[in-house]
Amino acid sequence: MIEMFQPDFMQRAFLAAVLVGVTAPSIGIYLVQRRQALMGDGIGHVALTGVGLGFLFQANPMWTAVLVCVLGAVVMELVRARGNQRGDIALAMLFYGGMAGGKLLVSMSSQSGAGSLESYLWGSILFVSPGDLVVIGLLAAVVIAVTVGLRRQLFAVCQDEEFARVTGLRVRVLNLLLAVMAAVTVTVAMRVVGLLLVSALMVVPVAAAQQLTRSFAATQATAIGVGVVTALLGVGTSYQVDLPSGPTIVFLAILTFALFSAIAAPLARRRHRASTEHGPAVCDVVLPGPAHAGTGTATATATATATATAEDSSGGPGTAGGPAAVLEGTEPVRAPAGATIDAPLSGESLSSRGLAQ
């Protein structure tokens, strides 16, 4: 076991695995929130053209892949925002064109060996060079800074774009930023997981975490933990058993999802019994009176006799404060200024859509 950590390439592989395990779920949770779980898969197809350009011009494929992925992600977001009926066709041509162009460019280059291309498609711990590790570290730092620093704004946009726009957020800019960060994450993970499986590491840890957690912050933290553990175990297993790292990591992540799903059922039954025995807690949502007006955005404060945490059905951040408080996860509270509303507080009863400050 100790011998596994002695080779330099294994040390680089484990460091890259940690960075990928943190980065992929950090951006994946927003894609899952807005039902774009397969966006990473599409960007991975486009990234193949960037890899081919790197081979053709004998440049670092990671940098060329970043440029191509960012351009492809921006195009994808613009097509999605327009809502054109032909958008699906345009995106399909972009994905397939990216794959075809990448294969053609790789074939035209002097580095057209099948092994080189395989390492980018499925991931390989043997090909993480010191230069690749530096690039992965820099790009991962950017993604983590954005996804954590702008957590409230990104969550608000992913939950309800119209509401986020009303609160004054620059929705178009945030959507483009999210697409660009997804593109950067694909580049970060392609050496360890592979372009064909990178979307799985964005989505599966988040789906696994949602089985046990009930707030956005807890879901994000748990998903990152699952991503890091499965990435490390996958790299170690691939070294011991001589398997490709990407499929091994994804397979372990799916096993984790199955395990969490099995645990979630009895846990949910226990929570249901506890709630029926003690009865629903009461949440007082106090809307400010005229004396508090003039701030530009309405705010709501919530206090609960049992719990002061507001939980979203999809794992929203556990705060009840924000531009609006929503009862039953559907309609916003509507009451005269200064009124107090009593409502049952359960796991689904109070969500915080307006978290952007």
# chains A, B, ... in the order shown; residues from 1 in each chain; ligands from 1
$ closest_atom_pairs --of "stretch 183-202 of chain A" --to "stretch 112-135 of chain A" --cutoff "6 Å" --atoms "only C-alpha atoms" --output "JSON lines"
{"residue": "A:Met190", "atom": "CA", "partner": "A:Tyr120", "partner_atom": "CA", "distance": 5.9}
{"residue": "A:Arg191", "atom": "CA", "partner": "A:Gly123", "partner_atom": "CA", "distance": 4.9}
{"residue": "A:Val192", "atom": "CA", "partner": "A:Gly123", "partner_atom": "CA", "distance": 4.6}
{"residue": "A:Val193", "atom": "CA", "partner": "A:Gly123", "partner_atom": "CA", "distance": 4.6}
{"residue": "A:Gly194", "atom": "CA", "partner": "A:Gly123", "partner_atom": "CA", "distance": 3.9}
{"residue": "A:Leu195", "atom": "CA", "partner": "A:Leu121", "partner_atom": "CA", "distance": 4.8}
{"residue": "A:Leu196", "atom": "CA", "partner": "A:Leu121", "partner_atom": "CA", "distance": 5.6}
$ write_last_selection --atoms "N, CA and C atoms" --output "mmCIF file, in the first residue's frame"
data_model
loop_
_atom_site.group_PDB
_atom_site.id
_atom_site.type_symbol
_atom_site.label_atom_id
_atom_site.label_comp_id
_atom_site.auth_asym_id
_atom_site.auth_seq_id
_atom_site.Cartn_x
_atom_site.Cartn_y
_atom_site.Cartn_z
ATOM 1 N N MET A 190 -10.512 16.191 -17.215
ATOM 2 C CA MET A 190 -10.370 15.280 -18.344
ATOM 3 C C MET A 190 -9.145 14.374 -18.217
ATOM 4 N N ARG A 191 -8.118 14.782 -17.522
ATOM 5 C CA ARG A 191 -6.942 13.932 -17.364
ATOM 6 C C ARG A 191 -7.196 12.776 -16.404
ATOM 7 N N VAL A 192 -7.996 13.015 -15.381
ATOM 8 C CA VAL A 192 -8.239 11.991 -14.358
ATOM 9 C C VAL A 192 -9.460 11.138 -14.691
ATOM 10 N N VAL A 193 -10.557 11.779 -15.091
ATOM 11 C CA VAL A 193 -11.809 11.066 -15.331
ATOM 12 C C VAL A 193 -12.027 10.769 -16.813
ATOM 13 N N GLY A 194 -11.577 11.652 -17.675
ATOM 14 C CA GLY A 194 -11.806 11.477 -19.101
ATOM 15 C C GLY A 194 -12.973 12.316 -19.595
ATOM 16 N N LEU A 195 -12.902 12.753 -20.852
ATOM 17 C CA LEU A 195 -13.927 13.626 -21.406
ATOM 18 C C LEU A 195 -15.289 12.951 -21.495
ATOM 19 N N LEU A 196 -15.312 11.653 -21.691
ATOM 20 C CA LEU A 196 -16.585 10.955 -21.855
ATOM 21 C C LEU A 196 -17.307 10.709 -20.535
#
$ select_by_dssp --residues "stretch 126-240 of chain A" --states "helix (DSSP H, G or I)" --output "PyMOL selection string"
chain A and resi 126-127+130-149+151-159+161-166+171-189+198-210+216-240
$ residues_around --residues "A:Val171" --least-positions-apart "5" --cutoff "7 Å" --atoms "only C-alpha atoms" --output "number ranges by chain"
A: 157, 161, 164-165
$ write_last_selection --atoms "N, CA and C atoms" --output "mmCIF file, in the first residue's frame"
data_model
loop_
_atom_site.group_PDB
_atom_site.id
_atom_site.type_symbol
_atom_site.label_atom_id
_atom_site.label_comp_id
_atom_site.auth_asym_id
_atom_site.auth_seq_id
_atom_site.Cartn_x
_atom_site.Cartn_y
_atom_site.Cartn_z
ATOM 1 N N VAL A 157 -30.172 32.247 -9.077
ATOM 2 C CA VAL A 157 -30.396 32.166 -10.521
ATOM 3 C C VAL A 157 -30.862 30.772 -10.919
ATOM 4 N N GLU A 161 -34.997 32.175 -12.249
ATOM 5 C CA GLU A 161 -34.340 33.263 -12.973
ATOM 6 C C GLU A 161 -35.157 34.548 -12.915
ATOM 7 N N ALA A 164 -34.754 36.141 -9.538
ATOM 8 C CA ALA A 164 -33.412 36.703 -9.413
ATOM 9 C C ALA A 164 -33.289 37.997 -10.200
ATOM 10 N N ARG A 165 -33.931 38.049 -11.352
ATOM 11 C CA ARG A 165 -33.883 39.273 -12.157
ATOM 12 C C ARG A 165 -34.595 40.415 -11.465
#
$ closest_residue --among "A:Leu104, A:Ala182, A:Val74, A:Leu38" --to "A:Val203" --atoms "only C-alpha atoms"
A:Leu38
$ residues_around --residues "A:Gly234" --least-positions-apart "5" --cutoff "8 Å" --atoms "only C-alpha atoms" --output "list of chain:residue names"
A:Ser245, A:Gly246, A:Thr248, A:Ile249, A:Val250, A:Leu252
$ residues_around --residues "A:Leu154" --least-positions-apart "5" --cutoff "12 Å" --atoms "only C-alpha atoms" --output "number ranges by chain"
A: 26-31, 33-34, 146-149, 159-161, 164-165, 169-179, 181, 216, 316-317, 353-357
$ atom_distance --atom1 "atom CA of A:Leu48" --atom2 "atom CA of A:Pro244"
18.5 Å
$ closest_residue --among "A:Val22, A:Val186, A:Val79, A:Leu53" --to "A:Ser107" --atoms "only C-alpha atoms"
A:Leu53
$ closest_residue --among "A:Pro266, A:Glu3, A:Leu19, A:Leu139" --to "A:Val229" --atoms "only C-alpha atoms"
A:Leu19
$ residues_around --residues "A:Thr185" --least-positions-apart "3" --cutoff "10 Å" --atoms "only C-alpha atoms" --output "ChimeraX atom specification"
/A:20,23-28,40,43-44,66,69,136,139-140,142-144,179-182,188-190,198-199,202
$ atom_distance --atom1 "atom CA of A:Ala90" --atom2 "atom CA of A:Asp41"
15.6 Å
$ closest_residue --among "A:Arg80, A:Ser110, A:Leu71, A:Phe95" --to "A:Gly54" --atoms "only C-alpha atoms"
A:Ser110
$ residues_around --residues "A:Leu56" --least-positions-apart "2" --cutoff "8 Å" --atoms "only C-alpha atoms" --output "JSON, numbers by chain"
{"A": [52, 53, 54, 58, 59, 105, 106, 108, 109, 110, 111]}
$ atom_distance --atom1 "atom CA of A:Pro247" --atom2 "atom CA of A:Ala141"
24.9 Å
